[in-house]
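Trainee: Structure provided below as structure tokens; questions to follow.
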Amino acid sequence: AAARAGRLRLNEEPVRDLDIVLKNNDFLRNTVHRHEPPVTAQPIRILAEDEEVVVVDKPSSLPVHPCGRFRHNTVIFILGKEHGLRELHTLHRLDRMTSGVLMFAKTAAVSKRIDEQVRQRQLEKEYVCRVVGEFPEHEVVCEEPILVVSYKVGVCRVDPKGKPCQTLFQRLSYNGSTSVVRCLPRTGRTHQIRVHLQFLGHPIVNDPIYNMEAWGPDRGKGGKIGKTDEELLKALVEEHRSKQSLEVLGIGEEDLNSGGESKDCGNSGDCAKSAEADPINGISCPAEDEKDPERNDVAACPLNSDINLEMLDKDKELSLCGNQEGRTGEKGWEEKDPLCVECRTSRRDPSPKELVMFLHALRYKGADFEYCSSMPEWAMEGWEQ
């Protein structure tokens, strides 16, 4: 169908014969369009900027840089487009659903200097979250090892075969049903804070992964799941599919239908090289799991995404969705692609509260810097949902 529509090109010539054999240095190109999951319209607030760094308060639901299903709706892209801040170096990352302090270096030299602090674990990170139930008043230290279950969906769990890690927790307030907790990760593993809170029986109130029925009646408390990894993943996907909220996982139907584990960290759009992985970053590269989120020398998707799609073939065999009447000047036709599964799928828009998770990076401190954001509204004492 792509060849008939003229989208499949070999050395910039339309492919007519699908039995053709590729030779060395042949260039095969297929033009597609992508559907980006919805994100919040909350603006990115700049907390500090000088000749060395830019520090922002990242809203929930935005990935740090283009990757997977995200290109335009990313912090890097928006800072470039709306603030003229380009060629930034990512010093650390936050999970797409996590808000808070996010730092960027303006030069490679600054990036290297701060990266060395990260490698030597001189960077102090403080988070705040709202969890289910009455969290203990005394300080709690969790040192359970964490294992990645799926890179595509972005799921981890406590497992003896996992990598060692440590998180310190201290309750700040309790309103009778939920608690606000201060989190100090001493290591950096994928989803470390979220997984440790789940293990302790106090998952984040609106965590779209670790506070789901798919984990069983105890929601994974004490590591009790009662399912194989495959059964767990299937249950999580089905639970979100039934709620029409697959986009919360950063995946779509075509991702599920492709099969196999994606090695390009397609879920959260947070894949980078360097030192130690962030405790709550979306997905680390399999080969980079022990390395830092935190510097982004490469993005999985090109930043320049202003690609003009070729006109669709008028062959009615390609009319798999939508109505072709009134093509000229009709927005509906321009947005429909007969070859796209997503175009044929009708989904509701998520509510603003579905785009927020109650986990916030409150403070980042290094050898010669400290940046803080204000406490989020949901973390205020006495707040009720």
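In the structure tokens, the first chain shown is A, the next is B, and so on; residue numbers restart at 1 for each chain, and ligands run from 1 in the order shown.
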Find the spatial neighbours of Asn175 in chain A, counting only C-alpha atoms, within a cut-off of 8 Å - ignore same-chain residues fewer than 5 positions away - and output them as a PyMOL selection string.
Mentor: chain A and resi 381-384
Trainee: Run DSSP on the backbone and tell me which residues of range 95-150 of chain A come out as alpha helix (DSSP H); list them as a list in words.
Mentor: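 Output for range 95-150 of chain A, alpha helix (DSSP H) only: Ala108, Ala109, Val110, Ser111, Lys112, Arg113, Ile114, Asp115, Glu116, Gln117, Val118 and Arg119 of chain A.
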Trainee: Could those residues be written to a file, using N, CA and C atoms, as a compact mmCIF listing (two decimals), in the first residue's frame?
Mentor:
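Contents of out-v3.txt, freshly written:
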# COMPACT_ATOMS: atom_id res chain seq x y z
N ALA A 108 29.31 22.13 26.11
CA ALA A 108 29.81 20.78 26.38
C ALA A 108 30.71 20.76 27.60
N ALA A 109 31.46 21.86 27.82
CA ALA A 109 32.38 21.91 28.95
C ALA A 109 31.61 21.89 30.28
N VAL A 110 30.54 22.66 30.35
CA VAL A 110 29.71 22.68 31.56
C VAL A 110 29.06 21.32 31.76
N SER A 111 28.60 20.73 30.68
CA SER A 111 27.98 19.42 30.74
C SER A 111 28.95 18.39 31.29
N LYS A 112 30.19 18.43 30.82
CA LYS A 112 31.21 17.47 31.27
C LYS A 112 31.51 17.66 32.75
N ARG A 113 31.56 18.92 33.20
CA ARG A 113 31.89 19.19 34.60
C ARG A 113 30.81 18.67 35.54
N ILE A 114 29.57 18.94 35.21
CA ILE A 114 28.47 18.49 36.06
C ILE A 114 28.27 16.98 35.93
N ASP A 115 28.53 16.46 34.75
CA ASP A 115 28.42 15.02 34.54
C ASP A 115 29.38 14.26 35.45
N GLU A 116 30.56 14.85 35.67
CA GLU A 116 31.54 14.22 36.55
C GLU A 116 31.02 14.17 37.99
N GLN A 117 30.29 15.20 38.40
CA GLN A 117 29.67 15.19 39.72
C GLN A 117 28.63 14.09 39.84
N VAL A 118 27.90 13.89 38.76
CA VAL A 118 26.90 12.83 38.74
C VAL A 118 27.57 11.47 38.87
N ARG A 119 28.64 11.27 38.14
CA ARG A 119 29.36 10.00 38.17
C ARG A 119 29.90 9.70 39.57
Trainee: Go through range 74-274 of chain A and collect every residue that DSSP, computed from the backbone, puts in strand (DSSP E or B); the answer should be as a VMD selection string.
Mentor: chain A and resid 89 to 90 99 to 105 124 to 132 140 to 142 146 to 150 155 to 158 163 167 to 174 178 to 185 204 273
Trainee: Interatomic distance between CA of Glu139 in chain A and CA of Pro185 in chain A?
Mentor: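 CA of Pro185 in chain A lies at a distance of 13.2 Å from CA of Glu139 in chain A.
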Trainee: Find, counting only C-alpha atoms, the residue in A:Glu124, A:Arg7, A:Gly80, A:Val64 that gets nearest to His33 in chain A.
Mentor: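 Distance minimum relative to His33 in chain A lands on A:Arg7.
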Trainee: Which of these, A:Gly100, A:Gly154, A:Pro164, A:Pro43, has the shortest distance to Val55 in chain A once you count only C-alpha atoms?
Mentor: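 Between A:Gly100, A:Gly154, A:Pro164, A:Pro43, the residue approaching Val55 in chain A most closely is A:Gly100.
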Trainee: Residues within 10 Å of His35 in chain A, please, as a PyMOL selection string. Count only C-alpha atoms; anything in the same chain fewer than 3 positions from it doesn't count.
Mentor: chain A and resi 38+69-71+252+340+342-343
Trainee: Taking into account only C-alpha atoms, which residue in the set A:Gly84, A:Ile46, A:Phe169, A:Phe358 is nearest to Glu377 in chain A?
Mentor: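 Result for the nearest residue to Glu377 in chain A: A:Phe358.
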Trainee: Quick check, in Å to one decimal: how far apart do CA of Asn11 in chain A and CA of Val32 in chain A lie?
Mentor: 17.2 Å
Trainee: For Leu85 in chain A, find every residue with an atom within 12 Å (counting only C-alpha atoms), except residues of its own chain fewer than 2 positions away, and show them as a VMD selection string.
Mentor: chain A and resid 46 49 to 51 53 to 56 75 to 83 87 to 89 104 to 107
Trainee: So how far away is CA of Val180 in chain A from CA of Met103 in chain A, in Å?
Mentor: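 Straight-line distance from CA of Met103 in chain A to CA of Val180 in chain A works out to 24.4 Å.
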Trainee: Using only C-alpha atoms, which protein or nucleic acid residues come within 9 Å of Tyr371 in chain A? Drop anything in the same chain fewer than 4 positions from it, and give the result as a list in words.
Mentor: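 Counting only C-alpha atoms, the residues come to Leu47, Ala48, Val55, Val101, Met103, Leu362, Arg363, Tyr364 and Lys365 of chain A.
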Trainee: Closest to Lys353 in chain A among A:Asp207, A:Glu238, A:Asp218, A:Glu370, using only C-alpha atoms?
Mentor: A:Asp207
